[in-house]
file structure15.cif (mmCIF, C-alpha atoms)
data_target
loop_
_atom_site.label_atom_id
_atom_site.label_comp_id
_atom_site.auth_asym_id
_atom_site.auth_seq_id
_atom_site.Cartn_x
_atom_site.Cartn_y
_atom_site.Cartn_z
CA MET B 1 28.57 133.45 -9.98
CA LYS B 2 27.73 131.78 -6.68
CA ILE B 3 29.68 132.33 -3.46
CA LEU B 4 29.28 130.36 -0.25
CA ALA B 5 31.29 130.38 2.97
CA ALA B 6 31.18 127.79 5.74
CA GLN B 7 32.76 127.19 9.14
CA SER B 8 33.19 124.15 11.34
CA ARG B 9 33.82 124.01 15.08
CA ALA B 10 34.30 120.24 15.08
CA GLY B 11 37.99 120.57 15.97
CA GLU B 12 38.78 117.47 13.90
CA THR B 13 39.68 117.20 10.24
CA SER B 14 37.39 114.57 8.75
CA SER B 15 34.22 115.59 10.55
CA GLY B 16 35.00 119.28 10.02
CA LEU B 17 35.45 118.86 6.28
CA ALA B 18 32.31 116.73 6.08
CA GLU B 19 30.33 119.43 7.89
CA ILE B 20 31.63 122.10 5.56
CA ALA B 21 30.96 120.02 2.45
CA SER B 22 27.38 119.64 3.64
CA ARG B 23 27.03 123.38 4.25
CA LEU B 24 28.37 124.07 0.76
CA GLU B 25 25.81 121.64 -0.67
CA MET B 26 28.50 119.96 -2.73
CA ASP B 27 26.10 117.28 -3.99
CA ARG B 28 24.00 119.98 -5.65
CA ASN B 29 26.58 122.65 -6.49
CA GLY B 30 29.42 120.44 -7.71
CA THR B 31 33.13 121.26 -7.60
CA PRO B 32 33.97 124.92 -6.81
CA ASP B 33 36.05 126.86 -9.31
CA PHE B 34 37.98 128.40 -6.40
CA LEU B 35 38.17 127.40 -2.75
CA ALA B 36 40.14 129.19 -0.02
CA LEU B 37 40.54 127.05 3.10
CA HIS B 38 41.98 128.62 6.26
CA PHE B 39 42.53 126.98 9.61
CA GLY B 40 44.08 127.03 13.06
CA VAL B 41 47.19 124.88 13.43
CA GLY B 42 45.45 122.66 15.94
CA LEU B 43 44.41 120.85 12.76
CA ASP B 44 47.02 118.92 10.77
CA ALA B 45 47.77 120.64 7.46
CA ALA B 46 48.68 117.44 5.58
CA ASP B 47 45.43 115.78 6.65
CA LEU B 48 43.47 118.88 5.68
CA HIS B 49 45.14 118.99 2.28
CA GLN B 50 44.36 115.38 1.53
CA GLY B 51 40.83 115.62 2.91
CA ALA B 52 40.07 118.82 1.00
CA GLN B 53 41.12 117.23 -2.27
CA THR B 54 38.71 114.37 -1.60
CA SER B 55 35.87 116.49 -0.22
CA PHE B 56 35.96 119.43 -2.62
CA GLY B 57 38.01 118.39 -5.64
CA ALA B 58 38.87 122.01 -6.40
CA THR B 59 41.87 122.41 -8.68
CA ALA B 60 42.13 126.00 -7.47
CA LEU B 61 42.56 124.88 -3.83
CA HIS B 62 44.22 127.52 -1.68
CA GLY B 63 45.14 126.73 1.96
CA GLY B 64 46.81 128.74 4.69
CA SER B 65 46.96 128.61 8.48
CA SER B 66 45.47 131.41 10.56
CA CYS B 67 46.25 132.44 14.15
CA LEU B 68 44.00 130.38 16.47
CA GLY B 69 41.26 129.99 13.85
CA ILE B 70 38.91 132.04 11.70
CA MET B 71 35.80 134.21 11.74
CA GLY B 72 32.80 134.56 9.48
CA SER B 73 29.09 135.21 9.39
CA SER B 74 28.58 132.41 11.93
CA GLY B 75 30.89 134.08 14.44
CA VAL B 76 34.45 133.80 15.72
CA ASP B 77 36.25 130.48 16.28
CA ILE B 78 39.63 131.10 17.92
CA GLY B 79 40.02 128.02 20.09
CA GLY B 80 43.06 126.88 18.11
CA SER B 81 41.41 124.54 15.58
CA GLY B 82 38.95 126.76 13.74
CA LEU B 83 38.25 125.85 10.11
CA GLY B 84 36.57 127.85 7.37
CA VAL B 85 36.24 127.97 3.60
CA PHE B 86 35.24 130.52 0.99
CA ALA B 87 34.08 128.93 -2.26
CA ILE B 88 33.27 130.37 -5.68
CA TRP B 89 31.37 128.73 -8.54
CA ASP B 90 31.77 130.86 -11.65
CA ALA B 91 31.36 129.27 -15.08
CA ASP B 92 32.09 132.59 -16.76
CA GLY B 93 35.29 133.26 -14.79
CA SER B 94 38.75 131.71 -14.64
CA TYR B 95 40.71 130.64 -11.56
CA GLY B 96 44.09 129.03 -10.98
CA THR B 97 46.25 128.22 -7.94
CA SER B 98 49.88 127.20 -7.55
CA SER B 99 52.18 126.76 -4.56
CA VAL B 100 55.97 126.52 -4.20
CA ASP B 101 58.66 126.52 -1.53
CA LEU B 102 60.24 129.95 -1.11
CA GLY B 103 63.75 128.50 -1.30
CA ASP B 104 66.74 130.83 -1.45
CA ASP B 105 65.11 133.32 -3.87
CA ALA B 106 61.62 134.31 -2.76
CA GLU B 107 61.16 136.72 -5.67
CA ALA B 108 61.92 133.98 -8.22
CA ALA B 109 59.61 131.58 -6.36
CA ALA B 110 56.77 134.10 -6.59
CA ARG B 111 57.33 134.55 -10.32
CA GLU B 112 57.21 130.79 -10.78
CA ALA B 113 54.03 130.40 -8.74
CA ALA B 114 52.24 133.27 -10.48
CA THR B 115 53.17 132.01 -13.94
CA GLU B 116 51.94 128.50 -13.10
CA ALA B 117 48.71 129.82 -11.55
CA LEU B 118 47.94 131.77 -14.73
CA SER B 119 48.60 128.65 -16.80
CA ARG B 120 46.24 126.62 -14.61
CA ALA B 121 43.58 129.29 -15.03
CA GLY B 122 43.94 128.92 -18.79
CA ARG B 123 45.00 132.59 -18.99
CA PRO B 124 48.81 132.58 -19.48
CA GLY B 125 50.29 136.02 -19.99
CA GLU B 126 47.09 137.81 -18.95
CA ILE B 127 46.49 140.18 -16.03
CA PRO B 128 44.06 138.84 -13.38
CA GLU B 129 41.45 140.93 -11.64
CA MET B 130 43.08 140.00 -8.33
CA VAL B 131 45.63 137.74 -6.66
CA TRP B 132 44.83 136.00 -3.36
CA LEU B 133 48.14 135.40 -1.55
CA SER B 134 49.22 133.30 1.41
CA VAL B 135 52.94 133.29 2.29
CA ALA B 136 55.22 132.25 5.12
CA PRO B 137 56.35 135.28 7.17
CA GLY B 138 59.72 136.84 6.52
CA ARG B 139 60.18 137.77 2.86
CA GLU B 140 56.84 139.21 1.81
CA GLU B 141 58.32 142.27 0.08
CA ASP B 142 60.36 140.00 -2.22
CA VAL B 143 57.26 137.91 -2.96
CA ILE B 144 55.24 140.98 -3.92
CA ALA B 145 58.06 142.12 -6.21
CA GLY B 146 58.03 138.70 -7.92
CA LEU B 147 54.26 138.74 -8.35
CA CYS B 148 54.30 142.27 -9.78
CA ALA B 149 56.93 141.18 -12.32
CA VAL B 150 54.35 138.73 -13.70
CA VAL B 151 50.95 140.41 -13.18
CA GLY B 152 52.01 144.07 -13.14
CA GLU B 153 52.10 146.67 -10.39
CA ASP B 154 48.50 147.79 -10.97
CA THR B 155 46.99 144.39 -10.11
CA LEU B 156 45.12 143.95 -6.84
CA ILE B 157 47.27 141.68 -4.66
CA VAL B 158 45.63 140.93 -1.33
CA GLY B 159 46.07 138.31 1.37
CA GLY B 160 48.07 137.56 4.46
CA SER B 161 51.10 135.84 5.92
CA ALA B 162 50.43 132.39 7.35
CA ALA B 163 50.23 132.25 11.13
CA ASP B 164 50.39 129.78 13.99
CA ASN B 165 49.03 130.08 17.52
CA ASP B 166 52.15 131.27 19.37
CA VAL B 167 54.69 132.73 16.85
CA THR B 168 56.89 129.61 16.98
CA GLY B 169 56.97 128.97 13.22
CA LYS B 170 54.36 126.20 13.05
CA TRP B 171 52.46 127.84 10.18
CA TRP B 172 51.49 125.85 7.06
CA LEU B 173 50.31 126.48 3.52
CA PHE B 174 49.13 124.32 0.64
CA GLY B 175 48.02 124.53 -2.96
CA PRO B 176 46.41 121.83 -5.09
CA ASP B 177 49.56 119.68 -5.17
CA ALA B 178 51.73 120.15 -2.06
CA VAL B 179 51.99 121.28 1.57
CA HIS B 180 54.65 123.83 2.62
CA SER B 181 56.01 125.27 5.85
CA ASP B 182 58.22 127.93 4.21
CA GLY B 183 56.35 128.57 0.98
CA LEU B 184 53.69 130.59 -0.74
CA VAL B 185 50.34 129.95 -2.39
CA VAL B 186 49.18 132.15 -5.25
CA SER B 187 45.66 132.17 -6.66
CA VAL B 188 44.81 134.26 -9.72
CA LEU B 189 41.17 135.24 -10.03
CA PHE B 190 39.40 136.37 -13.20
CA PRO B 191 35.86 136.61 -11.77
CA SER B 192 32.89 137.41 -13.98
CA THR B 193 31.75 140.13 -11.55
CA PRO B 194 33.48 143.21 -10.06
CA VAL B 195 35.85 143.21 -7.07
CA ALA B 196 36.58 146.04 -4.62
CA SER B 197 39.17 146.01 -1.84
CA VAL B 198 40.12 148.35 1.02
CA TYR B 199 43.37 148.09 3.03
CA LYS B 200 43.84 150.16 6.21
CA SER B 201 44.86 150.12 9.87
CA GLY B 202 43.23 151.15 13.12
CA TYR B 203 46.06 153.42 14.27
CA ALA B 204 46.83 157.16 14.26
CA PRO B 205 50.16 159.01 14.37
CA THR B 206 51.16 160.53 17.71
CA GLY B 207 53.35 163.26 16.24
CA SER B 208 56.70 161.72 17.24
CA ASN B 209 58.73 160.89 14.16
CA GLY B 210 62.28 160.40 12.93
CA THR B 211 64.44 159.16 10.06
CA VAL B 212 65.90 155.68 9.64
CA THR B 213 69.68 156.15 9.72
CA ARG B 214 70.78 152.50 9.92
CA VAL B 215 68.94 149.32 8.98
CA GLU B 216 69.82 145.86 7.65
CA GLU B 217 66.89 144.00 6.11
CA ARG B 218 64.29 143.90 8.91
CA ARG B 219 66.66 144.78 11.75
CA LEU B 220 66.35 148.47 12.58
CA TYR B 221 69.46 149.78 14.32
CA GLU B 222 69.09 153.55 14.44
CA ILE B 223 66.52 156.33 14.17
CA ASP B 224 68.06 159.81 13.90
CA GLY B 225 71.41 158.28 14.81
CA ARG B 226 70.13 156.86 18.11
CA PRO B 227 69.48 153.22 19.08
CA ALA B 228 66.07 152.31 17.75
CA ALA B 229 64.92 150.62 20.96
CA ASP B 230 65.72 153.75 22.99
CA VAL B 231 63.72 155.87 20.57
CA LEU B 232 60.70 153.54 20.67
CA ASN B 233 60.83 153.45 24.46
CA GLU B 234 60.88 157.24 24.57
CA TRP B 235 58.16 157.76 21.93
CA SER B 236 55.84 155.28 23.66
CA ALA B 237 56.38 156.81 27.11
CA GLY B 238 57.95 153.56 28.30
CA ALA B 239 55.24 151.23 26.98
CA VAL B 240 57.72 149.51 24.64
CA PRO B 241 60.60 148.22 26.80
CA ILE B 242 64.27 147.97 25.95
CA ALA B 243 66.40 144.83 26.30
CA ASP B 244 69.00 144.38 29.02
CA GLU B 245 71.38 141.44 28.59
CA GLU B 246 69.23 139.19 26.38
CA PRO B 247 66.97 139.78 23.35
CA ARG B 248 63.44 140.53 24.49
CA SER B 249 60.15 139.94 22.72
CA ILE B 250 58.21 143.20 22.46
CA LEU B 251 55.43 141.98 20.14
CA ALA B 252 52.70 142.29 22.75
CA ASP B 253 54.08 145.54 24.19
CA SER B 254 54.27 147.22 20.79
CA THR B 255 50.90 146.06 19.44
CA PHE B 256 49.36 149.40 20.35
CA TRP B 257 52.62 151.25 19.53
CA PRO B 258 53.82 150.26 16.03
CA LEU B 259 55.83 152.31 13.57
CA GLY B 260 54.28 153.80 10.44
CA ARG B 261 55.50 155.14 7.12
CA GLU B 262 53.30 157.73 5.42
CA MET B 263 52.70 156.43 1.89
CA ARG B 264 50.41 159.18 0.57
CA ARG B 265 47.49 161.41 1.51
CA VAL B 266 43.93 160.85 0.35
CA ALA B 267 41.69 163.92 0.69
CA GLY B 268 44.30 165.32 3.06
CA VAL B 269 44.26 162.26 5.31
CA PRO B 270 47.62 160.42 5.56
CA PHE B 271 47.81 156.68 4.96
CA HIS B 272 50.44 154.96 7.10
CA LEU B 273 51.83 151.50 6.33
CA LEU B 274 52.69 149.86 9.64
CA ALA B 275 55.66 147.79 10.83
CA HIS B 276 55.31 145.80 14.05
CA PRO B 277 58.38 145.81 16.35
CA ALA B 278 59.00 142.19 17.37
CA VAL B 279 62.28 141.85 19.30
CA ALA B 280 64.48 144.36 21.13
CA HIS B 281 68.19 143.49 21.27
CA PRO B 282 70.89 144.54 23.74
CA GLY B 283 72.55 147.57 22.20
CA GLY B 284 69.28 148.97 20.88
CA ALA B 285 68.50 147.17 17.59
CA VAL B 286 64.88 146.20 16.95
CA ASP B 287 63.60 143.44 14.67
CA LEU B 288 60.46 144.29 12.68
CA PHE B 289 57.85 142.16 10.91
CA ALA B 290 58.17 144.37 7.81
CA ALA B 291 61.08 146.00 6.00
CA VAL B 292 62.00 149.68 6.19
CA SER B 293 64.76 151.50 4.30
CA GLU B 294 67.44 153.98 5.22
CA GLY B 295 66.00 157.46 4.81
CA ASP B 296 62.41 156.40 5.58
CA GLN B 297 60.49 158.75 7.84
CA LEU B 298 58.97 156.71 10.69
CA TRP B 299 56.05 157.88 12.78
CA GLN B 300 55.10 156.58 16.18
CA MET B 301 51.59 155.20 15.77
CA GLN B 302 49.11 154.50 18.54
CA GLY B 303 46.01 152.35 18.66
CA SER B 304 43.44 151.35 21.26
CA VAL B 305 41.11 148.44 21.89
CA GLU B 306 38.20 150.48 20.57
CA SER B 307 40.01 151.56 17.42
CA LEU B 308 40.94 147.97 16.55
CA VAL B 309 37.44 146.67 17.32
CA GLU B 310 35.68 149.33 15.25
CA ARG B 311 38.05 149.47 12.27
CA ALA B 312 37.05 146.17 10.63
CA GLY B 313 33.44 147.27 10.27
CA LEU B 314 34.51 150.65 8.91
CA VAL B 315 36.81 149.01 6.35
CA ALA B 316 33.98 146.66 5.33
CA GLU B 317 31.63 149.62 4.95
CA GLN B 318 34.07 151.45 2.67
CA ALA B 319 34.66 148.31 0.59
CA SER B 320 30.90 147.88 0.26
CA GLN B 321 30.54 151.46 -0.95
CA ASN B 322 33.38 151.00 -3.43
CA ALA B 323 31.82 147.77 -4.72
CA GLY B 324 28.83 149.68 -6.03
CA GLY B 325 26.52 146.77 -6.84
CA GLU B 326 25.01 144.19 -4.52
CA VAL B 327 27.73 142.42 -2.51
CA THR B 328 27.81 138.64 -3.01
CA GLY B 329 30.70 137.71 -0.70
CA ALA B 330 33.85 138.96 1.02
CA LEU B 331 37.31 137.92 2.18
CA VAL B 332 38.61 139.71 5.30
CA VAL B 333 42.22 139.80 6.54
CA TYR B 334 42.65 140.91 10.17
CA CYS B 335 46.09 141.01 11.77
CA GLY B 336 46.71 138.16 14.21
CA GLY B 337 48.51 140.53 16.59
CA CYS B 338 45.48 142.81 16.66
CA MET B 339 43.22 139.80 17.24
CA LEU B 340 45.31 138.66 20.22
CA ALA B 341 45.25 142.18 21.66
CA VAL B 342 41.43 142.41 21.52
CA LYS B 343 40.70 138.69 21.84
CA ASP B 344 37.81 139.12 24.28
CA ARG B 345 36.17 141.65 21.91
CA MET B 346 36.38 139.65 18.69
CA ASP B 347 32.64 138.97 18.72
CA ASP B 348 32.21 142.75 18.40
CA VAL B 349 34.67 142.78 15.48
CA SER B 350 32.74 140.12 13.57
CA ALA B 351 29.43 141.77 14.45
CA GLY B 352 30.66 145.01 12.88
CA ILE B 353 31.36 143.18 9.62
CA ASN B 354 28.02 141.36 9.80
CA ASP B 355 26.26 144.70 10.22
CA VAL B 356 27.62 145.68 6.80
CA LEU B 357 27.26 142.36 5.00
CA GLY B 358 24.00 141.14 6.49
CA ASP B 359 23.53 137.52 5.46
CA LYS B 360 26.17 137.59 2.71
CA PRO B 361 28.92 134.93 2.95
CA TRP B 362 32.34 135.99 4.18
CA LEU B 363 35.48 134.50 5.69
CA GLY B 364 38.00 136.27 7.91
CA ILE B 365 41.56 135.16 8.71
CA PHE B 366 44.15 136.24 11.31
CA THR B 367 47.60 136.73 9.82
CA PHE B 368 51.19 137.57 10.80
CA GLY B 369 51.48 140.17 8.02
CA GLU B 370 48.96 141.64 5.63
CA GLN B 371 49.21 142.37 1.92
CA GLY B 372 46.93 144.81 0.17
CA VAL B 373 46.72 147.89 -2.03
CA PRO B 374 46.46 151.32 -0.35
CA ALA B 375 44.35 153.88 -2.21
CA GLY B 376 46.32 155.24 -5.16
CA GLU B 377 49.23 152.85 -4.59
CA TYR B 378 50.34 149.39 -5.65
CA ALA B 379 50.52 146.26 -3.49
CA LYS B 380 52.31 146.59 -0.15
CA HIS B 381 53.19 144.37 2.81
CA GLY B 382 52.42 145.74 6.24
CA ASN B 383 51.65 144.71 9.81
CA LEU B 384 48.66 145.28 12.10
CA MET B 385 46.55 146.01 9.02
CA ILE B 386 43.01 145.07 7.94
CA SER B 387 41.70 144.41 4.45
CA CYS B 388 38.25 143.63 3.12
CA THR B 389 37.81 142.40 -0.46
CA MET B 390 34.27 142.23 -1.78
CA PHE B 391 32.76 140.54 -4.79
CA SER B 392 29.62 142.17 -6.14
CA ALA B 393 26.95 141.60 -8.73
CA PRO B 394 27.23 144.01 -11.66
CA GLU B 395 24.84 146.91 -11.63
CA LEU B 396 22.03 146.60 -14.16
#

call {"tool": "encode", "arguments": {"input": "structure15.cif", "output": "structure tokens"}}
result
Amino acid sequence: MKILAAQSRAGETSSGLAEIASRLEMDRNGTPDFLALHFGVGLDAADLHQGAQTSFGATALHGGSSCLGIMGSSGVDIGGSGLGVFAIWDADGSYGTSSVDLGDDAEAAAREAATEALSRAGRPGEIPEMVWLSVAPGREEDVIAGLCAVVGEDTLIVGGSAADNDVTGKWWLFGPDAVHSDGLVVSVLFPSTPVASVYKSGYAPTGSNGTVTRVEERRLYEIDGRPAADVLNEWSAGAVPIADEEPRSILADSTFWPLGREMRRVAGVPFHLLAHPAVAHPGGAVDLFAAVSEGDQLWQMQGSVESLVERAGLVAEQASQNAGGEVTGALVVYCGGCMLAVKDRMDDVSAGINDVLGDKPWLGIFTFGEQGVPAGEYAKHGNLMISCTMFSAPEL
């Protein structure tokens, strides 16, 4: 197996793709068996899709937009038009990618995409080592349910929700055949070498907690019988505001004050899956970027600039330890909301990952929702999370 990653700061599609193709040494290495291409929406997705087909020829072509840009071993590019790829050549492995519109039934769409991806990998009916997922924000829990129906609950499903630069719905995705605004891209990977993945956040519980007593889909109405917005305002000591006469965006205010659900404890340490409060409504309802259920126990979580800056390197270090053998490459998912909150410290974030990986190739993306597998669990969708997935050479 060979893995290479490359970035371009050209800010233009044709020259950017040409620069990346040169860095990947396409003339010598040939067509990749798998290629993940992620980009800021300052670049046109349709042009990227067409150009990538010409430049790389990968049948397992997986594309998704990332908030402002990308990061990797060459640094952080978040000017709005960043472009990066992560490519695998693996004659002994199998790889397949499919994309579909979500339509009215996101779970059925995910089943369709996963089934087609397995067929394209030449492994129909088999269980992949991992699934790399990109999906439009909004129905990620349904998508995970559809994927698990095909590949099983024990399969590593990791990735992120497509993002734009300003949360106005301008995100894009593409597979080998089509470009989508409200869709998903599924890649199934059967690599010839081991994979290890870690999925965590950079937040800790404050101690304030309560029970969901009324919720409809992702709109949280009540905690302990009280308006959810009032509870969040109280728990955060006023940091998360309430709405007066009009709905109010609280995404930025709540970035350091999300809600968490304790999923399990590992060595006595609780793992919390986070939900990011997005909009406060008059009357006290709050829209979230992840679903919660009636009866869920919600904890007020708190983060800081330092905790978000340091966490990526710590997650990479744990993934490296779990990988066992020599790391050959990594895919990193870092929440777009976290990135925006620590934007002027993102060089420190990437440096922390580089400290772990050294000169190994890696690509990091900034998403509006993160999918991964907590320790001892099956795939989940959360917000304000970080994942690091490492490929490693087998130990001799």

call {"tool": "residues_around", "arguments": {"input": "structure15.cif", "residues": "stretch 226-234 of chain B", "least_positions_apart": "2", "cutoff": "10 Å", "atoms": "only C-alpha atoms", "output": "ChimeraX atom specification"}}
result
/B:208-210,212-215,219-224,236-243,254,257-259,277,279-287,300

call {"tool": "closest_residue", "arguments": {"input": "structure15.cif", "among": "B:Cys67, B:Leu24, B:Leu43, B:Leu251", "to": "B:Ser55", "atoms": "only C-alpha atoms"}}
result
B:Leu24

call {"tool": "residues_around", "arguments": {"input": "structure15.cif", "residues": "B:Ala18", "least_positions_apart": "3", "cutoff": "10 Å", "atoms": "all atoms listed in the file", "output": "VMD selection string"}}
result
chain B and resid 8 10 13 to 15 21 to 24 51 to 52 55 to 56

call {"tool": "residues_around", "arguments": {"input": "structure15.cif", "residues": "B:Glu217", "least_positions_apart": "5", "cutoff": "9 Å", "atoms": "all atoms listed in the file", "output": "list in words"}}
result
Ala290, Ala291, Val292 and Ser293 of chain B

call {"tool": "atom_distance", "arguments": {"input": "structure15.cif", "atom1": "atom CA of B:Ala178", "atom2": "atom CA of B:Gln50"}}
result
9.5 Å

call {"tool": "atom_distance", "arguments": {"input": "structure15.cif", "atom1": "atom CA of B:Ser181", "atom2": "atom CA of B:Asp101"}}
result
7.9 Å

call {"tool": "resolve_selection", "arguments": {"input": "structure15.cif", "expression": "the PyMOL selection byres ((chain B and resi 347-362) around 6)", "output": "PDB file with C-alpha atoms, in the coordinates of the input"}}
result
ATOM      1  CA  LEU B   4      29.280 130.360  -0.250  1.00  0.00           C
ATOM      2  CA  ALA B   5      31.290 130.380   2.970  1.00  0.00           C
ATOM      3  CA  GLY B  72      32.800 134.560   9.480  1.00  0.00           C
ATOM      4  CA  VAL B 309      37.440 146.670  17.320  1.00  0.00           C
ATOM      5  CA  GLY B 313      33.440 147.270  10.270  1.00  0.00           C
ATOM      6  CA  GLU B 317      31.630 149.620   4.950  1.00  0.00           C
ATOM      7  CA  GLY B 329      30.700 137.710  -0.700  1.00  0.00           C
ATOM      8  CA  ALA B 330      33.850 138.960   1.020  1.00  0.00           C
ATOM      9  CA  LEU B 331      37.310 137.920   2.180  1.00  0.00           C
ATOM     10  CA  ARG B 345      36.170 141.650  21.910  1.00  0.00           C
ATOM     11  CA  MET B 346      36.380 139.650  18.690  1.00  0.00           C
ATOM     12  CA  LEU B 363      35.480 134.500   5.690  1.00  0.00           C
TER      13      LEU B 363
END
